[in-house]
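The structure appears below as structure tokens.
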Amino acid sequence: MAILKVNSLSKNFGKVKAVTEVSFEATEGKVLSLLGPSGCGKTTTLRCIAGFENPDTGEISLDDRKITHIPPEKRGIGMVFQNYALWPHMTVYANLAFGLQIKKIPKDEIPKKIKRVLSMVRLEGYENRYPRQMSGGQQQRIAMARALVFEPEIMLLDEPLSNLDAQLREEMRFEFTELQKKLGITAVYVTHDQAEALVISDKIVILNKGTIVQSGSPKEIYSNPKNKFVAGFIAVTSFLDGNVDSFIEEKTKVIVKTDDGLIIQGLNNSLSIGQRVSVALRMKAIKFIKDGNNEKRKKINTFRGKIIQLSYLGNTVDYKIQIGKWQIRTNADAKYDFKIGEEVTFSLPTEDIIVTLEE
Amino acid sequence: MHKGGFRKTIEIIIFTVFMFFLFAPLFSMGIWSVALRWYWPNTLPQEIGLDYWLQALGITKSLTLGAVNVIPAFILSLGIAIIVVIITMAIAIPAGYSLAKLKIPALLKGIILILFLLPRAFPQQPVFINLMLMFNKIGITGTVFGVILVHLVVGLVFAVWITASTFSSIPPELEEAARSVGASRLKAFLKVTLPISTPGLIASAVFVFLTSMDEFTGTFFVGIPFVTTLPMTLYSASGSNIQFASVIAILLLIPSILFMIIIQKFLKAEHLGGIGG
């Protein structure tokens, strides 16, 4: 059941089109992520849902209640901000009690609710601290607690983990998922971090330049990116552009001829002959064949290139390989120990070759 | 260790020089205010006493040239300053908030701020002479009301600029967070923005207060001869009697010093830190 519906939402700031015709539905008890690079309109969309921005056109409804133009305080939506936005002049207790007092929750219930929410975020006994006396991670959890304490139907999170260091961020991802699953709360989560979105989401909506590019489950998006933008944003950084040449194996596989004449075989993604496509190579656990180790039979999807750049990372080495006119980045086991200028050969299984639309 | 010692020495020298320039004139004023007889070439007064203080404070009467009872002037100045602070802040808080937080086009915002700054952007005498001519027409020269209006012109400049920058230094998310938990716009302002900006608002109020206490030029043109504030008495005393002038100058300093102490307390207050963390 969809609890939050956003229907063809548009918002311009002067001449800048921040959000154009965005529609999606968030399912009850699930996490929906709005994912995209900065300036893609994801935060504006979230702020329209929260009520801090007035959309130009479109409709937002919560539980079949139209909320498009009602003020934020009447929406009953919890919000977690990127900079936490804890009130510096109030203790943790006062921060959490503020909303409860406004909502006229009976006086004797307030301490109980605060105690419960603090134990949820594992910060019992922090009632009398001021925000500045706590670490970033703790402040983040209090911000989460403040949004949760009045038991909203839905919770909005605007890049809540982006101010934390990498290790803590990963920890907090799991903590958030655990808490969200336990409470069964619906969440709309804005992030620019694709790894974060893949981990925490039930559904991902990918935005670019204010419009939705693709939406689906993390798995769908990862294994079947709709175009070069999505593929590039989710996982791959290197592409070979070309045209669809022909189909084989009853149209389940596609042969692509790149602009410089390389022939690549990949999975068909409802394409048609002659279409402009980008080929993304999923370069994981690649087995290299040193040149001179002459493999006479030219296998399909065997690539030959020259190392043009490398950076040593300890266990692994990052290589930039020139294949024809394309530059491919990959990360390989340090045992290979290639030098700059060395010729290398590797082959990829068809499953790791993603053929997507160029635009 | 040596480096630290050297640094410390420099600091002490700078501090001493600073204190000398700050306190030497005050010290000289203090001596003058109690000097009954002090003629060249004596380094210190030949005779000291509190006579001038007692006369200035209206405790004893005297016929000395330039002798005035400054207590009524002090009370008048204080009264005017307090009224000016109240009116100024009543205007500056909503004005500053609107300029800082509402979506006003940048050009319009600039024009409004420049308008507030304009009275200070010109030489003061011509501005006040024009003001005097205008006030003459509506008959409010020589009234306390006219003087309050002049002080408002001066005070609003600082107050609006300081409050606007105080409010705009507060992250908008703090108010938005309050609204997301159910607070109305007004409640979010009263419970979140206002308490956080208290130090800035107090600083601005103190500034306005001190400006009003010290204001001379405008009061001179608009208030004379009926409104005699403390700086006016200082002016008339300074020409004839340096002892009286010193007493008045010290009296003028008292509110400033008191307010500095109050500000100090407030700016150190616990809740100031951690904004935006």
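By convention here, the chains of the structure tokens are called A, B, ... in the order presented, each chain's residues are numbered starting at 1, and ligands are numbered starting at 1 in the order presented.
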Could the residues of chain A that have an atom at most 9 Å from chain B be listed as JSON lines, each with its closest atom pair and the distance in Å to one decimal, counting only C-alpha atoms and ordered by chain and ascending residue number?
{"residue": "A:Ala50", "atom": "CA", "partner": "B:Ser180", "partner_atom": "CA", "distance": 7.4}
{"residue": "A:Gly51", "atom": "CA", "partner": "B:Ser180", "partner_atom": "CA", "distance": 8.6}
{"residue": "A:Phe52", "atom": "CA", "partner": "B:Glu176", "partner_atom": "CA", "distance": 7.4}
{"residue": "A:Pro71", "atom": "CA", "partner": "B:Ser184", "partner_atom": "CA", "distance": 8.5}
{"residue": "A:Pro72", "atom": "CA", "partner": "B:Ser180", "partner_atom": "CA", "distance": 5.8}
{"residue": "A:Glu73", "atom": "CA", "partner": "B:Gly182", "partner_atom": "CA", "distance": 4.0}
{"residue": "A:Lys74", "atom": "CA", "partner": "B:Gly182", "partner_atom": "CA", "distance": 6.4}
{"residue": "A:Arg75", "atom": "CA", "partner": "B:Ser180", "partner_atom": "CA", "distance": 7.9}
{"residue": "A:Gly76", "atom": "CA", "partner": "B:Gly182", "partner_atom": "CA", "distance": 7.3}
{"residue": "A:Ile77", "atom": "CA", "partner": "B:Ser180", "partner_atom": "CA", "distance": 6.5}
{"residue": "A:Gly78", "atom": "CA", "partner": "B:Ser180", "partner_atom": "CA", "distance": 6.2}
{"residue": "A:Met79", "atom": "CA", "partner": "B:Ser180", "partner_atom": "CA", "distance": 6.4}
{"residue": "A:Val80", "atom": "CA", "partner": "B:Ala177", "partner_atom": "CA", "distance": 8.0}
{"residue": "A:Phe81", "atom": "CA", "partner": "B:Glu173", "partner_atom": "CA", "distance": 7.2}
{"residue": "A:Asn83", "atom": "CA", "partner": "B:Gly276", "partner_atom": "CA", "distance": 7.2}
{"residue": "A:Tyr84", "atom": "CA", "partner": "B:Glu173", "partner_atom": "CA", "distance": 8.4}
{"residue": "A:Ala85", "atom": "CA", "partner": "B:Leu174", "partner_atom": "CA", "distance": 5.0}
{"residue": "A:Leu86", "atom": "CA", "partner": "B:Leu174", "partner_atom": "CA", "distance": 6.7}
{"residue": "A:Trp87", "atom": "CA", "partner": "B:Leu174", "partner_atom": "CA", "distance": 6.4}
{"residue": "A:Pro88", "atom": "CA", "partner": "B:Ile275", "partner_atom": "CA", "distance": 5.7}
{"residue": "A:His89", "atom": "CA", "partner": "B:His271", "partner_atom": "CA", "distance": 4.7}
{"residue": "A:Met90", "atom": "CA", "partner": "B:His271", "partner_atom": "CA", "distance": 7.9}
{"residue": "A:Phe98", "atom": "CA", "partner": "B:Val181", "partner_atom": "CA", "distance": 7.8}
{"residue": "A:Gly99", "atom": "CA", "partner": "B:Val181", "partner_atom": "CA", "distance": 4.8}
{"residue": "A:Leu100", "atom": "CA", "partner": "B:Val181", "partner_atom": "CA", "distance": 8.0}
{"residue": "A:Ile102", "atom": "CA", "partner": "B:Gly182", "partner_atom": "CA", "distance": 6.5}
{"residue": "A:Lys103", "atom": "CA", "partner": "B:Gly182", "partner_atom": "CA", "distance": 6.9}
{"residue": "A:Tyr130", "atom": "CA", "partner": "B:His271", "partner_atom": "CA", "distance": 8.6}
{"residue": "A:Pro131", "atom": "CA", "partner": "B:Gly274", "partner_atom": "CA", "distance": 7.3}
{"residue": "A:Arg132", "atom": "CA", "partner": "B:Gly274", "partner_atom": "CA", "distance": 4.9}
{"residue": "A:Gln133", "atom": "CA", "partner": "B:Gly274", "partner_atom": "CA", "distance": 8.5}
{"residue": "A:Gly136", "atom": "CA", "partner": "B:Gly277", "partner_atom": "CA", "distance": 8.3}
{"residue": "A:Arg146", "atom": "CA", "partner": "B:Val181", "partner_atom": "CA", "distance": 8.2}
{"residue": "A:Ala147", "atom": "CA", "partner": "B:Val181", "partner_atom": "CA", "distance": 7.3}
{"residue": "A:Phe150", "atom": "CA", "partner": "B:Val181", "partner_atom": "CA", "distance": 7.8}
> Can you tell me, as a ChimeraX atom specification, what residues are no more than 6 Å from range 53-58 of chain B when counting only C-alpha atoms, ignoring any on the same chain fewer than 4 positions away?
Replying inline: /B:68-71
Go ahead and write the residues just picked, N, CA and C atoms, as a tab-separated table (two decimals), in the first residue's frame.
chain	number	residue	atom	x	y	z
B	68	VAL	N	26.81	73.12	37.19
B	68	VAL	CA	25.42	72.73	36.97
B	68	VAL	C	25.15	71.46	37.75
B	69	ASN	N	23.90	71.29	38.09
B	69	ASN	CA	23.49	70.02	38.67
B	69	ASN	C	23.20	69.09	37.49
B	70	VAL	N	24.01	68.00	37.39
B	70	VAL	CA	23.88	67.17	36.19
B	70	VAL	C	22.89	66.03	36.37
B	71	ILE	N	22.35	65.86	37.57
B	71	ILE	CA	21.45	64.74	37.81
B	71	ILE	C	20.22	64.75	36.89
> Near Arg65 in chain A, counting only C-alpha atoms, which residues have an atom at most 10 Å away, once you skip same-chain residues fewer than 2 positions from it, shown as a count of residues only?
Replying inline: 10
> Which polymer residues have any atom within 12 Å of an atom of Glu175 in chain A, counting only C-alpha atoms, with same-chain residues fewer than 3 positions away left out, as an MDAnalysis selection string?
Replying inline: chainID A and resid 120:122 137 140:141 144 161 168:172 178:182 199:200
> Just how far from CA of Thr88 in chain B is CA of Leu149 in chain B, in Å to one decimal?
Replying inline: 10.2 Å
> Which parts of range 156-264 of chain A does DSSP call alpha helix (DSSP H) when run on the backbone here, written out as an MDAnalysis selection string?
Replying inline: chainID A and resid 166:183 194:200 218:223 228:234
I need the chosen residues saved as a compact mmCIF listing (two decimals), in the first residue's frame, with C-alpha atoms.
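Result file follows (selection20.txt):
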# COMPACT_ATOMS: atom_id res chain seq x y z
CA ALA A 166 33.51 6.82 6.37
CA GLN A 167 33.69 4.14 9.05
CA LEU A 168 30.95 5.60 11.21
CA ARG A 169 28.83 6.14 8.13
CA GLU A 170 28.89 2.45 7.32
CA GLU A 171 28.01 1.55 10.89
CA MET A 172 25.14 4.00 10.97
CA ARG A 173 23.72 2.62 7.71
CA PHE A 174 23.15 -0.72 9.38
CA GLU A 175 21.88 0.91 12.52
CA PHE A 176 19.38 2.94 10.53
CA THR A 177 18.15 -0.11 8.60
CA GLU A 178 17.78 -2.08 11.81
CA LEU A 179 15.81 0.69 13.53
CA GLN A 180 13.65 1.29 10.48
CA LYS A 181 12.79 -2.39 10.13
CA LYS A 182 12.07 -2.69 13.84
CA LEU A 183 9.71 0.27 13.86
CA GLN A 194 25.10 5.10 -4.37
CA ALA A 195 26.59 2.56 -1.95
CA GLU A 196 24.45 3.97 0.85
CA ALA A 197 21.34 3.85 -1.35
CA LEU A 198 21.98 0.25 -2.38
CA VAL A 199 22.38 -0.86 1.24
CA ILE A 200 19.45 0.86 2.89
CA PRO A 218 18.52 -1.77 -5.82
CA LYS A 219 19.05 -5.08 -7.59
CA GLU A 220 17.10 -4.06 -10.69
CA ILE A 221 18.97 -0.83 -11.00
CA TYR A 222 22.35 -2.37 -10.37
CA SER A 223 21.94 -5.24 -12.81
CA LYS A 228 24.83 5.49 -19.36
CA PHE A 229 24.03 8.00 -16.60
CA VAL A 230 22.53 5.40 -14.29
CA ALA A 231 25.26 2.86 -14.99
CA GLY A 232 27.92 5.50 -14.40
CA PHE A 233 26.28 6.68 -11.22
CA ILE A 234 25.67 3.27 -9.71
> Pick from A:Leu357, A:Val317, A:Ala97, A:Val19: nearest to Pro55 in chain A, with only C-alpha atoms counted?
Replying inline: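 Closest to Pro55 in chain A of all the choices is A:Val19.
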